[in-house]
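Have a look at upload-v2.cif below; it lists mmCIF, N, CA and C atoms.
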```cif
data_final
loop_
_atom_site.label_atom_id
_atom_site.label_comp_id
_atom_site.auth_asym_id
_atom_site.auth_seq_id
_atom_site.Cartn_x
_atom_site.Cartn_y
_atom_site.Cartn_z
N ILE A 6 -27.25 12.95 -3.09
CA ILE A 6 -26.01 12.41 -3.61
C ILE A 6 -26.35 11.38 -4.67
N ASN A 7 -25.79 11.51 -5.82
CA ASN A 7 -26.02 10.56 -6.89
C ASN A 7 -25.29 9.26 -6.60
N TYR A 8 -25.92 8.14 -6.99
CA TYR A 8 -25.26 6.85 -6.82
C TYR A 8 -23.92 6.86 -7.54
N GLY A 9 -22.91 6.36 -6.89
CA GLY A 9 -21.59 6.29 -7.49
C GLY A 9 -20.73 7.51 -7.22
N ALA A 10 -21.35 8.59 -6.75
CA ALA A 10 -20.58 9.79 -6.44
C ALA A 10 -19.83 9.55 -5.14
N GLN A 11 -18.60 9.96 -5.09
CA GLN A 11 -17.79 9.76 -3.89
C GLN A 11 -17.78 11.02 -3.05
N LEU A 12 -18.01 10.86 -1.78
CA LEU A 12 -17.97 11.99 -0.86
C LEU A 12 -16.53 12.33 -0.51
N THR A 13 -16.26 13.59 -0.30
CA THR A 13 -14.95 14.01 0.19
C THR A 13 -14.96 13.88 1.70
N VAL A 14 -13.78 13.94 2.31
CA VAL A 14 -13.69 13.89 3.77
C VAL A 14 -14.48 15.05 4.37
N ASP A 15 -14.39 16.23 3.78
CA ASP A 15 -15.14 17.39 4.29
C ASP A 15 -16.64 17.16 4.23
N GLU A 16 -17.13 16.50 3.17
CA GLU A 16 -18.56 16.21 3.06
C GLU A 16 -19.00 15.19 4.11
N VAL A 17 -18.15 14.21 4.38
CA VAL A 17 -18.46 13.23 5.42
C VAL A 17 -18.53 13.92 6.78
N ILE A 18 -17.57 14.80 7.05
CA ILE A 18 -17.56 15.53 8.32
C ILE A 18 -18.85 16.32 8.47
N GLU A 19 -19.30 16.97 7.40
CA GLU A 19 -20.52 17.77 7.43
C GLU A 19 -21.75 16.90 7.69
N LEU A 20 -21.77 15.67 7.17
CA LEU A 20 -22.92 14.78 7.32
C LEU A 20 -23.01 14.12 8.70
N LEU A 21 -21.89 13.95 9.36
CA LEU A 21 -21.88 13.24 10.65
C LEU A 21 -22.50 14.07 11.75
N ALA A 22 -23.14 13.38 12.66
CA ALA A 22 -23.72 14.06 13.84
C ALA A 22 -22.84 13.80 15.05
N ALA A 23 -21.58 13.52 14.83
CA ALA A 23 -20.64 13.22 15.90
C ALA A 23 -19.28 13.80 15.53
N ASP A 24 -18.38 13.81 16.49
CA ASP A 24 -17.03 14.28 16.21
C ASP A 24 -16.36 13.35 15.21
N PHE A 25 -15.62 13.93 14.30
CA PHE A 25 -14.92 13.16 13.27
C PHE A 25 -13.57 12.72 13.84
N LEU A 26 -13.33 11.40 13.86
CA LEU A 26 -12.08 10.87 14.39
C LEU A 26 -11.05 10.61 13.31
N GLY A 27 -11.49 10.46 12.07
CA GLY A 27 -10.54 10.24 10.99
C GLY A 27 -11.12 9.37 9.90
N ALA A 28 -10.49 9.42 8.75
CA ALA A 28 -10.86 8.60 7.60
C ALA A 28 -9.79 7.54 7.41
N VAL A 29 -10.22 6.35 7.02
CA VAL A 29 -9.28 5.26 6.75
C VAL A 29 -9.33 4.97 5.26
N PRO A 30 -8.23 5.21 4.56
CA PRO A 30 -8.23 4.99 3.11
C PRO A 30 -8.17 3.51 2.77
N GLU A 31 -8.64 3.18 1.57
CA GLU A 31 -8.45 1.82 1.08
C GLU A 31 -6.95 1.59 0.95
N ASP A 32 -6.51 0.41 1.35
CA ASP A 32 -5.07 0.15 1.36
C ASP A 32 -4.87 -1.35 1.20
N GLU A 33 -4.16 -1.75 0.16
CA GLU A 33 -3.94 -3.18 -0.07
C GLU A 33 -3.12 -3.82 1.05
N CYS A 34 -2.45 -3.01 1.86
CA CYS A 34 -1.69 -3.55 2.99
C CYS A 34 -2.59 -4.26 4.00
N VAL A 35 -3.87 -3.85 4.07
CA VAL A 35 -4.81 -4.49 4.99
C VAL A 35 -4.92 -5.97 4.64
N LEU A 36 -5.17 -6.26 3.38
CA LEU A 36 -5.32 -7.64 2.92
C LEU A 36 -4.00 -8.41 3.04
N ILE A 37 -2.92 -7.78 2.65
CA ILE A 37 -1.61 -8.45 2.70
C ILE A 37 -1.24 -8.80 4.14
N ASN A 38 -1.39 -7.85 5.05
CA ASN A 38 -1.05 -8.12 6.44
C ASN A 38 -1.95 -9.19 7.04
N ALA A 39 -3.26 -9.14 6.71
CA ALA A 39 -4.20 -10.14 7.22
C ALA A 39 -3.80 -11.54 6.74
N SER A 40 -3.27 -11.63 5.53
CA SER A 40 -2.84 -12.93 4.99
C SER A 40 -1.71 -13.53 5.81
N PHE A 41 -0.93 -12.67 6.45
CA PHE A 41 0.19 -13.13 7.27
C PHE A 41 -0.15 -13.13 8.76
N GLY A 42 -1.44 -12.88 9.08
CA GLY A 42 -1.87 -12.90 10.48
C GLY A 42 -1.42 -11.70 11.29
N LYS A 43 -1.17 -10.58 10.61
CA LYS A 43 -0.73 -9.36 11.29
C LYS A 43 -1.75 -8.26 11.08
N THR A 44 -1.81 -7.35 12.01
CA THR A 44 -2.70 -6.21 11.83
C THR A 44 -2.01 -5.17 10.97
N VAL A 45 -2.81 -4.35 10.32
CA VAL A 45 -2.26 -3.34 9.43
C VAL A 45 -1.50 -2.26 10.21
N VAL A 46 -1.81 -2.07 11.47
CA VAL A 46 -1.10 -1.04 12.25
C VAL A 46 0.35 -1.45 12.51
N GLN A 47 0.67 -2.71 12.30
CA GLN A 47 2.06 -3.16 12.44
C GLN A 47 2.91 -2.81 11.22
N ASN A 48 2.27 -2.41 10.14
CA ASN A 48 2.96 -2.07 8.90
C ASN A 48 3.21 -0.57 8.87
N LYS A 49 4.44 -0.15 9.04
CA LYS A 49 4.77 1.28 9.11
C LYS A 49 4.59 2.00 7.77
N LYS A 50 4.48 1.26 6.68
CA LYS A 50 4.31 1.88 5.36
C LYS A 50 2.83 2.01 4.96
N SER A 51 1.93 1.50 5.79
CA SER A 51 0.51 1.48 5.46
C SER A 51 -0.19 2.78 5.84
N GLU A 52 -0.85 3.41 4.87
CA GLU A 52 -1.63 4.61 5.17
C GLU A 52 -2.83 4.27 6.05
N ALA A 53 -3.43 3.10 5.82
CA ALA A 53 -4.56 2.68 6.66
C ALA A 53 -4.09 2.46 8.10
N GLY A 54 -2.94 1.82 8.25
CA GLY A 54 -2.39 1.60 9.59
C GLY A 54 -2.13 2.90 10.32
N THR A 55 -1.57 3.86 9.61
CA THR A 55 -1.32 5.18 10.19
C THR A 55 -2.63 5.85 10.58
N ALA A 56 -3.65 5.72 9.72
CA ALA A 56 -4.96 6.32 10.02
C ALA A 56 -5.56 5.70 11.27
N TYR A 57 -5.51 4.37 11.39
CA TYR A 57 -6.04 3.70 12.59
C TYR A 57 -5.30 4.15 13.85
N LYS A 58 -3.97 4.25 13.76
CA LYS A 58 -3.19 4.69 14.93
C LYS A 58 -3.55 6.12 15.32
N ASN A 59 -3.74 6.99 14.33
CA ASN A 59 -4.12 8.37 14.62
C ASN A 59 -5.51 8.46 15.25
N ILE A 60 -6.43 7.62 14.81
CA ILE A 60 -7.76 7.58 15.41
C ILE A 60 -7.65 7.16 16.87
N ALA A 61 -6.85 6.14 17.14
CA ALA A 61 -6.65 5.69 18.52
C ALA A 61 -6.05 6.81 19.37
N ARG A 62 -5.10 7.54 18.82
CA ARG A 62 -4.48 8.65 19.56
C ARG A 62 -5.52 9.73 19.88
N ARG A 63 -6.41 10.02 18.92
CA ARG A 63 -7.47 11.01 19.16
C ARG A 63 -8.43 10.53 20.24
N LEU A 64 -8.76 9.23 20.23
CA LEU A 64 -9.64 8.67 21.26
C LEU A 64 -9.02 8.80 22.66
N LEU A 65 -7.70 8.79 22.71
CA LEU A 65 -6.99 8.96 23.98
C LEU A 65 -6.81 10.42 24.36
N GLY A 66 -7.35 11.34 23.55
CA GLY A 66 -7.31 12.75 23.87
C GLY A 66 -6.18 13.54 23.27
N GLU A 67 -5.34 12.89 22.49
CA GLU A 67 -4.21 13.59 21.87
C GLU A 67 -4.71 14.41 20.68
N LYS A 68 -4.13 15.57 20.48
CA LYS A 68 -4.45 16.41 19.33
C LYS A 68 -3.60 15.96 18.15
N VAL A 69 -4.25 15.39 17.14
CA VAL A 69 -3.56 14.90 15.95
C VAL A 69 -4.28 15.47 14.74
N ALA A 70 -3.54 16.09 13.86
CA ALA A 70 -4.14 16.66 12.65
C ALA A 70 -4.76 15.54 11.81
N VAL A 71 -5.90 15.83 11.19
CA VAL A 71 -6.56 14.87 10.31
C VAL A 71 -5.90 14.93 8.95
N LYS A 72 -5.33 13.81 8.54
CA LYS A 72 -4.68 13.74 7.23
C LYS A 72 -5.75 13.49 6.18
N LYS A 73 -5.71 14.25 5.12
CA LYS A 73 -6.63 14.04 4.01
C LYS A 73 -5.89 13.24 2.95
N PHE A 74 -6.56 12.23 2.44
CA PHE A 74 -5.94 11.32 1.49
C PHE A 74 -6.34 11.61 0.06
N GLY A 75 -6.67 12.84 -0.24
CA GLY A 75 -7.03 13.20 -1.61
C GLY A 75 -8.30 12.51 -2.03
N ASN A 76 -8.25 11.77 -3.11
CA ASN A 76 -9.42 11.09 -3.64
C ASN A 76 -9.56 9.67 -3.12
N ALA A 77 -8.75 9.29 -2.14
CA ALA A 77 -8.83 7.93 -1.63
C ALA A 77 -10.19 7.66 -1.00
N LYS A 78 -10.72 6.49 -1.28
CA LYS A 78 -12.00 6.10 -0.68
C LYS A 78 -11.73 5.71 0.78
N ASN A 79 -12.73 5.84 1.61
CA ASN A 79 -12.57 5.38 2.98
C ASN A 79 -13.69 4.44 3.33
N ILE A 80 -13.51 3.71 4.39
CA ILE A 80 -14.44 2.67 4.78
C ILE A 80 -15.83 3.24 5.04
N PHE A 81 -15.93 4.39 5.69
CA PHE A 81 -17.23 4.98 5.99
C PHE A 81 -18.01 5.25 4.70
N VAL A 82 -17.37 5.82 3.74
CA VAL A 82 -18.04 6.15 2.48
C VAL A 82 -18.48 4.88 1.77
N ARG A 83 -17.63 3.85 1.74
CA ARG A 83 -17.98 2.59 1.10
C ARG A 83 -19.16 1.94 1.80
N ALA A 84 -19.17 1.96 3.13
CA ALA A 84 -20.28 1.35 3.89
C ALA A 84 -21.57 2.10 3.62
N LYS A 85 -21.52 3.43 3.58
CA LYS A 85 -22.71 4.23 3.32
C LYS A 85 -23.25 3.94 1.93
N ARG A 86 -22.37 3.81 0.95
CA ARG A 86 -22.79 3.54 -0.42
C ARG A 86 -23.45 2.16 -0.51
N LYS A 87 -22.87 1.15 0.18
CA LYS A 87 -23.45 -0.19 0.17
C LYS A 87 -24.83 -0.18 0.81
N LYS A 88 -24.98 0.55 1.92
CA LYS A 88 -26.27 0.64 2.59
C LYS A 88 -27.29 1.29 1.65
N HIS A 89 -26.90 2.36 0.98
CA HIS A 89 -27.79 3.05 0.05
C HIS A 89 -28.23 2.10 -1.07
N LEU A 90 -27.28 1.32 -1.58
CA LEU A 90 -27.60 0.39 -2.65
C LEU A 90 -28.60 -0.67 -2.16
N ARG A 91 -28.40 -1.21 -0.96
CA ARG A 91 -29.33 -2.21 -0.42
C ARG A 91 -30.71 -1.62 -0.24
N GLU A 92 -30.79 -0.36 0.21
CA GLU A 92 -32.08 0.27 0.47
C GLU A 92 -32.84 0.59 -0.83
N THR A 93 -32.13 0.76 -1.92
CA THR A 93 -32.78 1.12 -3.17
C THR A 93 -33.16 -0.10 -4.00
N LEU A 94 -32.70 -1.27 -3.61
CA LEU A 94 -33.04 -2.49 -4.36
C LEU A 94 -34.37 -3.06 -3.95
#
```

Turn this file's structure into structure tokens for me.
Amino acid sequence: INYGAQLTVDEVIELLAADFLGAVPEDECVLINASFGKTVVQNKKSEAGTAYKNIARRLLGEKVAVKKFGNAKNIFVRAKRKKHLRETL
């Protein structure tokens, strides 16, 4: 993977050695809600909040379709890219 290239959700699923629980897209609602002392899952308009709730539902055994957010970045991909950058410096 070239530095700066973004993985798709399908590519992340292929790379994982565990069951995929879901992707959490970048969402400015996370920062906004945190500023007011609220979690993002309390915001019904937040895509990140919806993603976290769906992950929790899957952990409880519920069958929930994985929503794909198009080209939205997710936390896993950002963390992997940061780790790669640290390892190459």

Subject >> Hits of the PyMOL selection byres (((chain A and resi 33 and name CA) around 10) and name CA) in this structure, as a list in words >> reply: Pro30, Glu31, Asp32, Cys34, Val35, Leu36, Ile37, Asn38, Val45, Ser51, Glu52 and Ala53 of chain A

**OP:** Using CA of Arg62 in chain A and CA of Phe41 in chain A as the two end points, give the distance in Å to one decimal.
**Re:** 25.4 Å

Centre, x/y/z edge lengths, axis-aligned box for range 54-73 of chain A with 3 Å per side, as AutoDock Vina command-line options:
```
--center_x -5.5 --center_y 9.1 --center_z 13.7 --size_x 14.3 --size_y 21.1 --size_z 27.4
```

Subject >> alpha helix (DSSP H) residues, from DSSP on the backbone, in range 8-71 of chain A, as a ChimeraX atom specification >> reply: /A:14-20,33-40,52-64

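Ranking A:Ala10, A:Leu26, A:Val46, A:Ala39 by their shortest atom-to-atom distance to Ala70 in chain A, with only C-alpha atoms included, puts A:Leu26 first.
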